[in-house]
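Okay, input-v5.txt is below, compact mmCIF, C-alpha atoms and all ligand atoms:
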# COMPACT_ATOMS: atom_id res chain seq x y z
CA MET A 1031 128.37 -86.90 42.26
CA VAL A 1032 125.85 -86.64 39.41
CA TYR A 1033 123.40 -89.43 38.53
CA ASN A 1034 121.94 -89.98 35.08
CA ILE A 1035 118.23 -90.75 34.90
CA LYS A 1036 116.62 -92.01 31.71
CA THR A 1037 112.87 -91.80 31.19
CA ILE A 1038 111.44 -94.65 29.14
CA GLY A 1039 108.47 -93.81 26.89
CA ASN A 1040 106.93 -90.38 26.63
CA ASN A 1041 104.39 -90.56 29.43
CA ILE A 1042 106.54 -89.52 32.35
CA ASP A 1043 105.23 -86.44 34.10
CA PRO A 1044 107.86 -83.66 33.75
CA LEU A 1045 106.69 -81.90 36.91
CA GLY A 1046 107.05 -85.14 38.88
CA LEU A 1047 110.64 -85.48 37.65
CA GLN A 1048 111.48 -82.21 39.42
CA ALA A 1049 111.44 -84.25 42.63
CA PHE A 1050 114.93 -85.47 41.68
CA GLY A 1051 116.41 -82.05 42.46
CA GLU A 1052 120.12 -81.30 42.43
CA GLY A 1053 122.64 -83.97 41.54
CA PHE A 1054 120.44 -85.60 38.87
CA VAL A 1055 120.48 -85.15 35.11
CA ILE A 1056 117.45 -86.31 33.14
CA ASP A 1057 117.69 -87.90 29.68
CA ALA A 1058 121.24 -86.77 28.90
CA VAL A 1059 122.59 -90.27 28.21
CA LYS A 1060 121.51 -93.38 26.34
CA GLU A 1061 119.63 -96.21 28.09
CA ASP A 1062 122.71 -98.41 28.48
CA GLU A 1063 124.61 -95.63 30.29
CA ALA A 1064 121.87 -94.60 32.74
CA ASP A 1065 122.09 -95.06 36.52
CA ALA A 1066 118.31 -95.39 36.76
CA PHE A 1067 115.17 -95.59 34.61
CA VAL A 1068 111.79 -94.05 35.27
CA CYS A 1069 109.11 -95.92 33.33
CA ARG A 1070 105.42 -96.73 33.13
CA ALA A 1071 103.91 -99.95 31.78
CA GLN A 1072 106.51 -100.57 29.03
CA ASN A 1073 107.52 -104.21 28.73
CA PHE A 1074 111.06 -104.98 29.99
CA HIS A 1075 110.87 -108.74 29.66
CA ASP A 1076 113.64 -109.80 27.23
CA TYR A 1077 115.31 -106.41 27.67
CA GLN A 1078 119.10 -106.26 28.07
CA PHE A 1079 119.80 -104.04 31.10
CA GLY A 1080 122.99 -101.94 31.05
CA LYS A 1081 125.74 -102.89 33.52
CA ASN A 1082 125.53 -99.45 35.18
CA LEU A 1083 121.82 -99.62 35.84
CA LEU A 1084 121.20 -99.44 39.58
CA ALA A 1085 117.47 -98.83 39.83
CA ILE A 1086 114.16 -98.77 37.97
CA GLY A 1087 111.32 -96.57 39.20
CA ARG A 1088 107.93 -97.75 37.97
CA ALA A 1089 105.74 -94.64 38.03
CA GLY A 1090 102.64 -96.72 38.71
CA ALA A 1091 101.38 -99.68 40.72
CA GLY A 1092 101.60 -102.84 38.58
CA PHE A 1093 105.10 -104.15 37.92
CA ASN A 1094 104.37 -107.29 35.91
CA ASN A 1095 106.05 -105.49 32.96
CA ILE A 1096 109.43 -105.75 34.74
CA PRO A 1097 111.34 -109.01 35.36
CA VAL A 1098 111.88 -108.16 39.01
CA GLU A 1099 113.68 -111.36 40.00
CA GLN A 1100 116.11 -111.06 37.08
CA CYS A 1101 116.66 -107.43 38.13
CA ALA A 1102 117.49 -108.56 41.69
CA SER A 1103 120.01 -111.06 40.34
CA GLU A 1104 121.64 -108.26 38.30
CA GLY A 1105 121.74 -105.93 41.31
CA ILE A 1106 118.96 -103.63 40.07
CA VAL A 1107 116.50 -102.37 42.67
CA VAL A 1108 112.96 -101.94 41.30
CA PHE A 1109 110.60 -99.43 42.91
CA ASN A 1110 106.92 -98.78 42.29
CA ALA A 1111 104.50 -96.10 43.48
CA PRO A 1112 102.02 -97.89 45.75
CA GLY A 1113 98.73 -96.01 45.94
CA GLY A 1114 99.94 -93.19 43.69
CA ASN A 1115 97.15 -93.77 41.17
CA ALA A 1116 94.65 -95.59 43.39
CA ASN A 1117 92.19 -92.70 43.63
CA ALA A 1118 92.19 -92.34 39.83
CA VAL A 1119 91.32 -96.01 39.30
CA LYS A 1120 88.72 -95.93 42.08
CA GLU A 1121 86.93 -92.99 40.44
CA GLN A 1122 86.82 -94.76 37.07
CA VAL A 1123 85.48 -97.94 38.66
CA LEU A 1124 82.70 -96.04 40.45
CA CYS A 1125 81.93 -94.31 37.15
CA MET A 1126 81.75 -97.66 35.31
CA MET A 1127 79.36 -99.17 37.87
CA ILE A 1128 76.89 -96.34 37.29
CA PHE A 1129 77.58 -96.15 33.54
CA GLY A 1130 76.75 -99.86 33.23
CA SER A 1131 73.73 -99.78 35.53
CA ARG A 1132 72.12 -96.91 33.65
CA ASN A 1133 72.62 -98.52 30.23
CA LEU A 1134 74.33 -95.38 29.02
CA LYS A 1135 76.31 -97.07 26.24
CA PRO A 1136 73.32 -98.62 24.37
CA ALA A 1137 71.14 -95.61 25.24
CA ASN A 1138 73.65 -93.23 23.66
CA LYS A 1139 73.94 -95.46 20.58
CA TRP A 1140 70.16 -95.58 20.18
CA LEU A 1141 69.78 -91.84 20.67
CA THR A 1142 72.50 -90.86 18.24
CA SER A 1143 70.91 -93.08 15.56
CA GLN A 1144 67.68 -91.03 15.71
CA LYS A 1145 67.14 -88.71 12.75
CA GLY A 1146 64.85 -85.70 12.26
CA THR A 1147 64.20 -82.28 13.77
CA ASP A 1148 64.87 -81.65 17.46
CA ARG A 1149 61.11 -81.89 18.05
CA GLU A 1150 60.90 -85.26 16.27
CA ILE A 1151 63.91 -86.58 18.18
CA ASP A 1152 62.38 -85.36 21.43
CA LEU A 1153 59.18 -87.27 20.72
CA ALA A 1154 61.14 -90.43 19.83
CA VAL A 1155 63.23 -90.10 23.00
CA GLU A 1156 60.26 -89.78 25.35
CA LYS A 1157 58.57 -92.73 23.67
CA GLY A 1158 61.57 -95.04 23.49
CA LYS A 1159 63.70 -94.23 26.54
CA LYS A 1160 62.00 -96.75 28.82
CA ALA A 1161 63.90 -99.49 26.99
CA PHE A 1162 67.04 -98.19 28.70
CA ALA A 1163 65.71 -97.56 32.20
CA GLY A 1164 68.48 -98.78 34.48
CA SER A 1165 68.91 -99.52 38.15
CA GLU A 1166 70.58 -97.76 41.06
CA ILE A 1167 73.68 -98.94 42.88
CA ARG A 1168 72.38 -97.98 46.33
CA GLY A 1169 71.34 -101.10 48.24
CA LYS A 1170 73.03 -103.46 45.78
CA THR A 1171 75.92 -105.81 46.60
CA LEU A 1172 79.43 -105.07 45.36
CA GLY A 1173 82.06 -107.81 45.52
CA ILE A 1174 85.69 -106.65 45.50
CA ILE A 1175 88.55 -109.04 44.79
CA GLY A 1176 91.83 -107.59 46.09
CA LEU A 1177 91.66 -105.09 48.96
CA GLY A 1178 94.90 -103.22 48.34
CA ASN A 1179 95.34 -99.54 47.59
CA ILE A 1180 92.59 -99.49 44.96
CA GLY A 1181 90.22 -102.15 46.27
CA SER A 1182 90.14 -100.65 49.78
CA ARG A 1183 89.27 -97.21 48.40
CA VAL A 1184 86.53 -98.63 46.15
CA ALA A 1185 85.19 -100.54 49.18
CA ASN A 1186 84.95 -97.49 51.44
CA ASP A 1187 83.40 -95.20 48.83
CA ALA A 1188 80.91 -97.83 47.67
CA ALA A 1189 79.85 -98.37 51.30
CA ASN A 1190 79.40 -94.60 51.61
CA LEU A 1191 77.20 -94.68 48.51
CA GLY A 1192 74.90 -97.14 50.29
CA MET A 1193 76.11 -100.38 48.75
CA LYS A 1194 76.53 -103.62 50.65
CA VAL A 1195 80.23 -104.39 50.14
CA LEU A 1196 81.96 -107.77 50.28
CA GLY A 1197 85.76 -107.92 50.06
CA TYR A 1198 87.99 -110.91 49.33
CA ASP A 1199 91.77 -110.76 49.84
CA PRO A 1200 93.61 -113.66 51.46
CA TYR A 1201 96.85 -111.64 51.56
CA ILE A 1202 95.53 -108.29 52.80
CA SER A 1203 98.15 -106.14 54.54
CA VAL A 1204 97.60 -104.96 58.11
CA GLU A 1205 97.86 -101.35 56.92
CA ARG A 1206 95.05 -101.78 54.37
CA ALA A 1207 92.92 -103.74 56.82
CA TRP A 1208 93.05 -100.75 59.19
CA ASP A 1209 91.88 -98.44 56.37
CA ILE A 1210 88.77 -100.38 55.51
CA SER A 1211 85.39 -99.33 56.89
CA HIS A 1212 83.60 -101.62 59.35
CA ASP A 1213 80.70 -101.57 56.89
CA VAL A 1214 82.74 -103.71 54.48
CA LYS A 1215 82.27 -107.44 55.08
CA ARG A 1216 85.39 -109.51 54.58
CA VAL A 1217 84.76 -112.91 53.01
CA THR A 1218 87.25 -115.76 53.03
CA ASN A 1219 85.69 -117.76 50.23
CA LEU A 1220 85.83 -116.38 46.68
CA ASP A 1221 82.56 -118.18 45.88
CA ASP A 1222 80.74 -115.80 48.23
CA ILE A 1223 81.68 -112.89 45.95
CA PHE A 1224 80.47 -114.64 42.79
CA GLU A 1225 77.30 -116.03 44.37
CA GLU A 1226 76.13 -112.87 46.13
CA ALA A 1227 77.36 -109.82 44.21
CA ASP A 1228 75.42 -107.70 41.71
CA TYR A 1229 78.68 -105.93 40.84
CA ILE A 1230 82.16 -107.45 40.86
CA THR A 1231 85.41 -105.57 40.51
CA ILE A 1232 88.90 -107.11 40.42
CA HIS A 1233 91.94 -105.32 41.88
CA THR A 1234 94.67 -107.93 42.21
CA PRO A 1235 98.11 -107.87 40.60
CA LEU A 1236 98.77 -110.15 37.63
CA THR A 1237 100.69 -113.13 39.03
CA GLU A 1238 101.03 -116.80 38.14
CA GLU A 1239 98.16 -117.35 40.59
CA THR A 1240 95.79 -114.72 39.19
CA LYS A 1241 96.43 -115.30 35.47
CA GLU A 1242 93.05 -116.19 33.88
CA MET A 1243 91.84 -116.86 37.42
CA TYR A 1244 88.38 -115.50 36.74
CA GLY A 1245 86.50 -117.57 34.18
CA TYR A 1246 83.97 -120.37 33.69
CA ASP A 1247 84.29 -121.85 37.17
CA ASN A 1248 83.55 -118.58 38.98
CA PHE A 1249 81.09 -117.23 36.42
CA SER A 1250 78.95 -120.36 36.72
CA LYS A 1251 78.18 -119.25 40.27
CA MET A 1252 77.09 -115.71 39.36
CA LYS A 1253 73.60 -114.30 39.55
CA LYS A 1254 71.95 -113.15 36.32
CA GLY A 1255 72.61 -109.55 35.32
CA VAL A 1256 75.97 -108.98 37.00
CA ILE A 1257 78.17 -106.00 36.15
CA LEU A 1258 81.82 -107.08 36.01
CA MET A 1259 84.84 -104.76 35.95
CA ASN A 1260 88.50 -105.49 35.24
CA PHE A 1261 90.79 -102.55 35.86
CA ALA A 1262 93.63 -104.81 37.05
CA ARG A 1263 95.21 -106.55 34.05
CA ASP A 1264 93.87 -108.02 30.80
CA GLU A 1265 95.18 -111.55 31.44
CA ILE A 1266 93.32 -111.88 34.76
CA THR A 1267 89.98 -112.73 33.15
CA ASP A 1268 89.35 -115.57 30.71
CA LYS A 1269 88.09 -113.76 27.58
CA SER A 1270 86.10 -116.67 26.16
CA ALA A 1271 84.32 -117.10 29.48
CA VAL A 1272 83.48 -113.39 29.59
CA LEU A 1273 82.03 -113.51 26.05
CA ASP A 1274 80.05 -116.73 26.73
CA TYR A 1275 78.58 -115.38 29.96
CA ILE A 1276 77.61 -112.15 28.22
CA ALA A 1277 75.96 -114.19 25.47
CA ASN A 1278 73.90 -116.18 28.01
CA GLY A 1279 72.83 -113.00 29.82
CA THR A 1280 74.65 -113.68 33.12
CA ILE A 1281 77.01 -110.74 32.65
CA GLN A 1282 74.89 -107.72 31.83
CA PHE A 1283 77.86 -105.38 31.32
CA PHE A 1284 81.62 -105.81 31.32
CA ALA A 1285 83.93 -102.81 31.73
CA THR A 1286 87.60 -103.36 31.08
CA ASP A 1287 90.59 -101.06 30.85
CA PHE A 1288 92.41 -103.36 28.44
CA GLY A 1289 91.92 -103.36 24.69
CA SER A 1290 91.34 -106.64 22.87
CA GLU A 1291 89.77 -107.06 19.43
CA GLN A 1292 87.41 -109.69 20.80
CA PHE A 1293 85.86 -107.01 23.01
CA TYR A 1294 85.43 -104.26 20.43
CA HIS A 1295 81.98 -103.47 19.00
CA GLN A 1296 80.22 -105.53 21.66
CA GLU A 1297 77.04 -103.95 22.98
CA HIS A 1298 77.57 -105.15 26.55
CA ILE A 1299 81.26 -104.30 26.81
CA PHE A 1300 82.93 -100.97 27.40
CA VAL A 1301 86.68 -100.86 26.78
CA SER A 1302 88.87 -97.95 27.86
CA PRO A 1303 92.48 -97.64 26.65
CA HIS A 1304 94.28 -98.35 29.94
CA LEU A 1305 93.16 -95.01 31.39
CA GLY A 1306 92.43 -96.03 34.98
CA GLY A 1307 95.62 -94.56 36.40
CA SER A 1308 96.00 -91.86 33.76
CA THR A 1309 94.87 -88.67 35.44
CA GLN A 1310 97.11 -85.63 35.76
CA GLU A 1311 97.10 -86.05 39.53
CA ALA A 1312 98.02 -89.74 39.41
CA SER A 1313 100.80 -89.25 36.85
CA LEU A 1314 102.31 -86.53 39.00
CA ASN A 1315 102.01 -88.58 42.22
CA CYS A 1316 103.47 -91.71 40.69
CA THR A 1317 106.41 -89.98 39.00
CA ARG A 1318 107.18 -88.09 42.19
CA MET A 1319 107.08 -91.27 44.28
CA ALA A 1320 109.33 -93.14 41.84
CA ALA A 1321 111.74 -90.18 41.67
CA ARG A 1322 111.93 -89.89 45.48
CA SER A 1323 112.63 -93.60 45.90
CA ILE A 1324 115.39 -93.51 43.27
CA GLN A 1325 116.83 -90.30 44.73
CA ALA A 1326 117.00 -91.81 48.22
CA TYR A 1327 118.50 -95.04 46.95
CA LEU A 1328 121.17 -93.43 44.80
CA GLN A 1329 122.16 -90.74 47.28
CA THR A 1330 121.85 -92.59 50.57
CA GLY A 1331 121.37 -96.30 49.81
CA GLU A 1332 117.98 -96.33 51.59
CA ILE A 1333 115.30 -98.53 50.00
CA ILE A 1334 111.71 -97.29 50.09
CA ASN A 1335 108.84 -98.93 48.14
CA SER A 1336 110.91 -101.56 46.40
CA VAL A 1337 109.17 -104.59 44.92
CA ASN A 1338 112.25 -106.83 44.78
CA PHE A 1339 114.15 -105.83 47.95
CA PRO A 1340 113.00 -105.17 51.50
CA ASN A 1341 112.65 -101.63 52.80
CA VAL A 1342 115.82 -100.41 54.53
CA ARG A 1343 115.94 -97.00 56.17
CA GLN A 1344 118.85 -95.61 58.12
CA GLU A 1345 119.92 -91.98 58.24
CA LEU A 1346 123.37 -91.51 56.69
CA LYS A 1347 125.54 -90.05 59.47
CA VAL A 1348 128.93 -91.60 58.78
CA PRO A 1349 131.47 -90.54 56.10
CA TYR A 1350 131.26 -93.87 54.25
CA ARG A 1351 128.43 -96.28 53.70
CA ILE A 1352 128.84 -99.46 51.67
CA THR A 1353 125.77 -101.18 50.27
CA LEU A 1354 125.78 -104.71 48.97
CA ILE A 1355 123.29 -106.77 47.03
CA ASN A 1356 124.13 -110.33 47.89
CA LYS A 1357 122.77 -113.81 47.42
CA ASN A 1358 120.57 -114.89 50.30
CA VAL A 1359 122.76 -117.82 51.38
CA PRO A 1360 124.04 -118.82 54.83
CA ASN A 1361 127.07 -117.17 56.36
CA VAL A 1362 127.23 -114.09 54.09
CA VAL A 1363 126.82 -111.59 56.93
CA ALA A 1364 129.58 -113.30 58.89
CA GLN A 1365 131.86 -113.18 55.84
CA ILE A 1366 131.10 -109.48 55.37
CA SER A 1367 131.91 -108.70 59.03
CA VAL A 1368 135.17 -110.65 58.83
CA ALA A 1369 136.15 -108.80 55.62
CA VAL A 1370 135.56 -105.43 57.31
CA SER A 1371 137.51 -106.32 60.45
CA ASP A 1372 140.36 -107.79 58.33
CA LYS A 1373 140.81 -104.30 56.91
CA ASN A 1374 140.90 -102.96 60.46
CA ILE A 1375 137.73 -100.94 59.95
CA ASN A 1376 135.05 -100.52 62.59
CA ILE A 1377 131.38 -101.07 61.68
CA SER A 1378 129.16 -98.34 63.07
CA ASN A 1379 125.96 -100.07 61.99
CA ILE A 1380 124.98 -102.97 59.77
CA ILE A 1381 121.56 -103.92 58.41
CA ASN A 1382 120.93 -107.07 56.41
CA ARG A 1383 117.47 -107.87 55.07
CA SER A 1384 116.48 -110.53 52.59
CA LYS A 1385 113.68 -111.02 50.11
CA GLY A 1386 113.59 -114.29 48.19
CA ASP A 1387 116.94 -115.31 46.77
CA PHE A 1388 118.69 -111.98 47.41
CA ALA A 1389 119.43 -109.68 50.31
CA TYR A 1390 120.47 -106.09 50.83
CA THR A 1391 123.22 -105.21 53.28
CA LEU A 1392 123.89 -101.66 54.37
CA ILE A 1393 127.13 -101.11 56.30
CA ASP A 1394 127.97 -97.79 57.94
CA LEU A 1395 131.69 -97.50 58.64
CA ASP A 1396 133.62 -95.57 61.27
CA GLU A 1397 136.43 -94.85 58.86
CA GLN A 1398 137.75 -91.79 56.99
CA ASN A 1399 140.65 -93.42 55.13
CA GLU A 1400 139.66 -93.65 51.48
CA SER A 1401 142.28 -96.22 50.45
CA LYS A 1402 141.15 -98.62 53.20
CA ILE A 1403 137.55 -98.22 51.99
CA GLN A 1404 138.67 -98.83 48.40
CA ALA A 1405 140.47 -102.04 49.39
CA LEU A 1406 137.32 -103.27 51.14
CA VAL A 1407 135.18 -102.44 48.09
CA GLU A 1408 137.57 -104.41 45.86
CA HIS A 1409 137.32 -107.36 48.23
CA PHE A 1410 133.51 -107.30 48.03
CA GLU A 1411 133.60 -106.92 44.24
CA ASN A 1412 135.56 -110.16 44.03
CA SER A 1413 133.29 -112.07 46.44
CA GLU A 1414 131.28 -114.89 44.95
CA ASN A 1415 127.97 -114.17 46.67
CA ILE A 1416 127.93 -110.41 46.15
CA VAL A 1417 126.34 -109.10 42.94
CA ARG A 1418 126.50 -105.34 43.48
CA VAL A 1419 128.74 -103.11 45.61
CA ARG A 1420 128.21 -99.41 46.06
CA VAL A 1421 130.08 -96.93 48.20
CA ILE A 1422 128.27 -93.78 49.26
CA LYS A 1423 130.24 -90.83 50.59
CA LYS A 1424 128.30 -88.59 52.97
CA TRP A 1425 130.03 -85.40 51.93
CA SER A 1426 129.27 -86.03 48.27
CA LEU A 1427 125.60 -85.17 48.91
N1 LIG B 1501 94.04 -99.73 35.04
C1 LIG B 1501 95.03 -99.05 35.55
O1 LIG B 1501 95.42 -98.02 35.04
C2 LIG B 1501 95.68 -99.53 36.82
C3 LIG B 1501 96.20 -98.60 37.73
C4 LIG B 1501 96.77 -99.07 38.91
C5 LIG B 1501 96.84 -100.43 39.14
N2 LIG B 1501 96.35 -101.30 38.22
C6 LIG B 1501 96.40 -102.75 38.46
O2 LIG B 1501 95.70 -103.01 39.65
C7 LIG B 1501 96.47 -103.86 40.49
C8 LIG B 1501 96.15 -103.53 41.94
O3 LIG B 1501 96.61 -102.22 42.23
P1 LIG B 1501 96.74 -101.71 43.73
O4 LIG B 1501 97.37 -100.37 43.67
O5 LIG B 1501 95.46 -101.88 44.47
O6 LIG B 1501 97.81 -102.78 44.27
P2 LIG B 1501 98.05 -103.26 45.77
O7 LIG B 1501 99.31 -104.02 45.74
O8 LIG B 1501 97.91 -102.13 46.71
O9 LIG B 1501 96.83 -104.27 46.04
C9 LIG B 1501 96.72 -105.53 45.48
C10 LIG B 1501 95.95 -106.41 46.45
O10 LIG B 1501 95.63 -107.63 45.80
C11 LIG B 1501 95.72 -108.65 46.79
N3 LIG B 1501 95.85 -109.96 46.15
C12 LIG B 1501 96.96 -110.51 45.60
N4 LIG B 1501 96.66 -111.72 45.10
C13 LIG B 1501 95.33 -111.93 45.35
C14 LIG B 1501 94.42 -113.00 45.08
N5 LIG B 1501 94.80 -114.10 44.45
N6 LIG B 1501 93.13 -112.85 45.47
C15 LIG B 1501 92.71 -111.74 46.10
N7 LIG B 1501 93.53 -110.70 46.41
C16 LIG B 1501 94.81 -110.80 46.02
C17 LIG B 1501 96.92 -108.25 47.64
O11 LIG B 1501 96.90 -108.87 48.91
C18 LIG B 1501 96.74 -106.74 47.72
O12 LIG B 1501 96.01 -106.38 48.87
C19 LIG B 1501 97.93 -103.57 40.10
O13 LIG B 1501 98.75 -104.68 40.36
C20 LIG B 1501 97.83 -103.28 38.63
O14 LIG B 1501 97.96 -104.46 37.88
C21 LIG B 1501 95.76 -100.89 37.07
O1 LIG B 1502 99.72 -100.48 37.13
C1 LIG B 1502 99.45 -99.31 36.96
O2 LIG B 1502 99.82 -98.40 37.71
C2 LIG B 1502 98.55 -98.95 35.82
O3 LIG B 1502 98.30 -100.04 35.01
C3 LIG B 1502 98.94 -97.73 35.08
O4 LIG B 1502 99.88 -98.01 34.08
P1 LIG B 1502 100.53 -96.77 33.28
O5 LIG B 1502 101.46 -96.11 34.22
O6 LIG B 1502 101.24 -97.34 32.12
O7 LIG B 1502 99.39 -95.89 32.90
So that I can check it, write out the structure of this file as structure tokens.
Amino acid sequence: MVYNIKTIGNNIDPLGLQAFGEGFVIDAVKEDEADAFVCRAQNFHDYQFGKNLLAIGRAGAGFNNIPVEQCASEGIVVFNAPGGNANAVKEQVLCMMIFGSRNLKPANKWLTSQKGTDREIDLAVEKGKKAFAGSEIRGKTLGIIGLGNIGSRVANDAANLGMKVLGYDPYISVERAWDISHDVKRVTNLDDIFEEADYITIHTPLTEETKEMYGYDNFSKMKKGVILMNFARDEITDKSAVLDYIANGTIQFFATDFGSEQFYHQEHIFVSPHLGGSTQEASLNCTRMAARSIQAYLQTGEIINSVNFPNVRQELKVPYRITLINKNVPNVVAQISVAVSDKNINISNIINRSKGDFAYTLIDLDEQNESKIQALVEHFENSENIVRVRVIKKWSL
């Protein structure tokens, strides 16, 4: 069995794609014939997915570019690469805190406007540099919103750099909570971040809840001279509020990874072209993680790091495994079991896990007879509540 993978866009790390290994062909077919896509932040809203498409591997963290619920309803499993680029973003955020504190952007602009001999410039520099004297991050308070893969790393490193760190995340996972240093103080009220922090960095996904969540209301609580960073998503901050609070001196410096004309040519704003997760290391990690998830799903039916289906892991030991994507409605598992026993097939193992409106069912069968398996597959294909049926043969690996 050979699977066709299509890379979308030209930013997919070729070395990372080697993780697919044997049994996978890369970019040999058109998008509508592919079994799976590997993509980055390209927008798939309003995209017509091919009927054969089984999986999408997002070689990155944020997946707001993919209509994940629509994908679930079309039987497409979407994977991301949690943490694959977190170190890259963390390093850029730490860089931005210091870059902003030391006034390096206006200082560089002033310096490069100086004219004359090196001696004359040197004299001007020593006379004028005090206008750009900055402050140090050690001892200052950093507020972090979102303590996931990125936020938790920023928190630990900032604490190691001598900062007082406050973290806000009402949905923090147990795994991340274990990773965070005892020196980081968890706050349960967002106001505490805005009232107390000298530096604020946002690391939440873009959701209905977080869209334009940070604006006038929060900024009105900030101290004067705050450095604010948005390396999460453009739409998370209210742009007018950012500009107004820069104009009134509350925000001393705003670093964002998302281009917007309103932010260009502003002395107190530094815009990078969505580079947070774009290091060689991160691109390789993320592509590898996406490739491994797709590989496991296509070859064994296991689901690892999906954002629209629950994780399901079970070593493939039987000759035939059937996987179903079904609507999450009552009685489906019973109907599946009845259908299998009607065909006089024994179930070796069955796992059914749901997420939202859909569920994933993995059925390992004690059966070698291919025509009996085929009849069962046809039954499932004609069942009202089942949107995708796959049969995986162990010896085809
Ligand atoms: N600039 C870049 O290149 C770049 C790179 C990676 C990720 N990102 C963005 O950063 C986001 C975070 O990345 P991550 O890898 O840390 O993801 P993650 O899923 O590991 O962490 C996100 C955290 O945000 C928390 N959260 C969700 N809603 C919240 C809310 N309303 N208030 C506070 N916390 C909330 C979650 O509980 C979770 O702990 C991504 O969704 C993506 O949009 C940007
Ligand atoms: O969510 C992410 O991982 C980042 O925004 C990186 O996006 P990219 O893969 O398009 O660089």
Exercise. In file coordinates, which residues lie within 10 Å of (85.4, -96.2, 47.0) using all atoms listed in the file, given as a list in words?
Worked result: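 Those within range, by chain then number, are Ala1116, Asn1117, Val1119, Lys1120, Glu1121, Val1123, Leu1124, Ile1180, Gly1181, Ser1182, Arg1183, Val1184, Ala1185, Asn1186, Asp1187, Ala1188, Ala1189, Asn1190 and Leu1191 of chain A.
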Exercise. In Å to one decimal, how far is atom CA of Phe1249 of chain A from atom CA of Tyr1275 of chain A?
Worked result: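 That distance, rounded to one decimal, is 7.2 Å.
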For this session: Fewer than 2 positions away in the same chain doesn't count, so skip those; otherwise give me all residues within 12 Å of segment 1219-1223 of chain A, counting all atoms listed in the file, as a ChimeraX atom specification.
Result: /A:1171-1176,1194-1200,1215-1217,1225-1232,1243-1244,1247-1253,1256,1258
Store the residues picked out above in a file with C-alpha atoms, as a PDB file, keeping the file's coordinate frame.
ATOM      1  CA  THR A1171      75.920-105.810  46.600  1.00  0.00           C
ATOM      2  CA  LEU A1172      79.430-105.070  45.360  1.00  0.00           C
ATOM      3  CA  GLY A1173      82.060-107.810  45.520  1.00  0.00           C
ATOM      4  CA  ILE A1174      85.690-106.650  45.500  1.00  0.00           C
ATOM      5  CA  ILE A1175      88.550-109.040  44.790  1.00  0.00           C
ATOM      6  CA  GLY A1176      91.830-107.590  46.090  1.00  0.00           C
ATOM      7  CA  LYS A1194      76.530-103.620  50.650  1.00  0.00           C
ATOM      8  CA  VAL A1195      80.230-104.390  50.140  1.00  0.00           C
ATOM      9  CA  LEU A1196      81.960-107.770  50.280  1.00  0.00           C
ATOM     10  CA  GLY A1197      85.760-107.920  50.060  1.00  0.00           C
ATOM     11  CA  TYR A1198      87.990-110.910  49.330  1.00  0.00           C
ATOM     12  CA  ASP A1199      91.770-110.760  49.840  1.00  0.00           C
ATOM     13  CA  PRO A1200      93.610-113.660  51.460  1.00  0.00           C
ATOM     14  CA  LYS A1215      82.270-107.440  55.080  1.00  0.00           C
ATOM     15  CA  ARG A1216      85.390-109.510  54.580  1.00  0.00           C
ATOM     16  CA  VAL A1217      84.760-112.910  53.010  1.00  0.00           C
ATOM     17  CA  GLU A1225      77.300-116.030  44.370  1.00  0.00           C
ATOM     18  CA  GLU A1226      76.130-112.870  46.130  1.00  0.00           C
ATOM     19  CA  ALA A1227      77.360-109.820  44.210  1.00  0.00           C
ATOM     20  CA  ASP A1228      75.420-107.700  41.710  1.00  0.00           C
ATOM     21  CA  TYR A1229      78.680-105.930  40.840  1.00  0.00           C
ATOM     22  CA  ILE A1230      82.160-107.450  40.860  1.00  0.00           C
ATOM     23  CA  THR A1231      85.410-105.570  40.510  1.00  0.00           C
ATOM     24  CA  ILE A1232      88.900-107.110  40.420  1.00  0.00           C
ATOM     25  CA  MET A1243      91.840-116.860  37.420  1.00  0.00           C
ATOM     26  CA  TYR A1244      88.380-115.500  36.740  1.00  0.00           C
ATOM     27  CA  ASP A1247      84.290-121.850  37.170  1.00  0.00           C
ATOM     28  CA  ASN A1248      83.550-118.580  38.980  1.00  0.00           C
ATOM     29  CA  PHE A1249      81.090-117.230  36.420  1.00  0.00           C
ATOM     30  CA  SER A1250      78.950-120.360  36.720  1.00  0.00           C
ATOM     31  CA  LYS A1251      78.180-119.250  40.270  1.00  0.00           C
ATOM     32  CA  MET A1252      77.090-115.710  39.360  1.00  0.00           C
ATOM     33  CA  LYS A1253      73.600-114.300  39.550  1.00  0.00           C
ATOM     34  CA  VAL A1256      75.970-108.980  37.000  1.00  0.00           C
ATOM     35  CA  LEU A1258      81.820-107.080  36.010  1.00  0.00           C
TER      36      LEU A1258
END
If I wrap all listed atoms of ligand LIG 1501 (chain B) in a box with edges along x, y and z and add 8 Å on each side, what are its centre and edge lengths in Å to one decimal, as JSON?
{"center_x": 96.0, "center_y": -106.1, "center_z": 42.0, "size_x": 22.6, "size_y": 32.1, "size_z": 29.9}
Around the point (114.1, -93.2, 30.8) in the file's coordinates, collect all residues with an atom within 9 Å, using all atoms listed in the file, and return them as a compact mmCIF listing (two decimals) with C-alpha atoms, keeping the file's coordinate frame.
# COMPACT_ATOMS: atom_id res chain seq x y z
CA ILE A 1035 118.23 -90.75 34.90
CA LYS A 1036 116.62 -92.01 31.71
CA THR A 1037 112.87 -91.80 31.19
CA ILE A 1038 111.44 -94.65 29.14
CA GLY A 1039 108.47 -93.81 26.89
CA ASN A 1040 106.93 -90.38 26.63
CA ILE A 1042 106.54 -89.52 32.35
CA ILE A 1056 117.45 -86.31 33.14
CA ASP A 1057 117.69 -87.90 29.68
CA LYS A 1060 121.51 -93.38 26.34
CA GLU A 1061 119.63 -96.21 28.09
CA ALA A 1064 121.87 -94.60 32.74
CA ALA A 1066 118.31 -95.39 36.76
CA PHE A 1067 115.17 -95.59 34.61
CA VAL A 1068 111.79 -94.05 35.27
CA CYS A 1069 109.11 -95.92 33.33
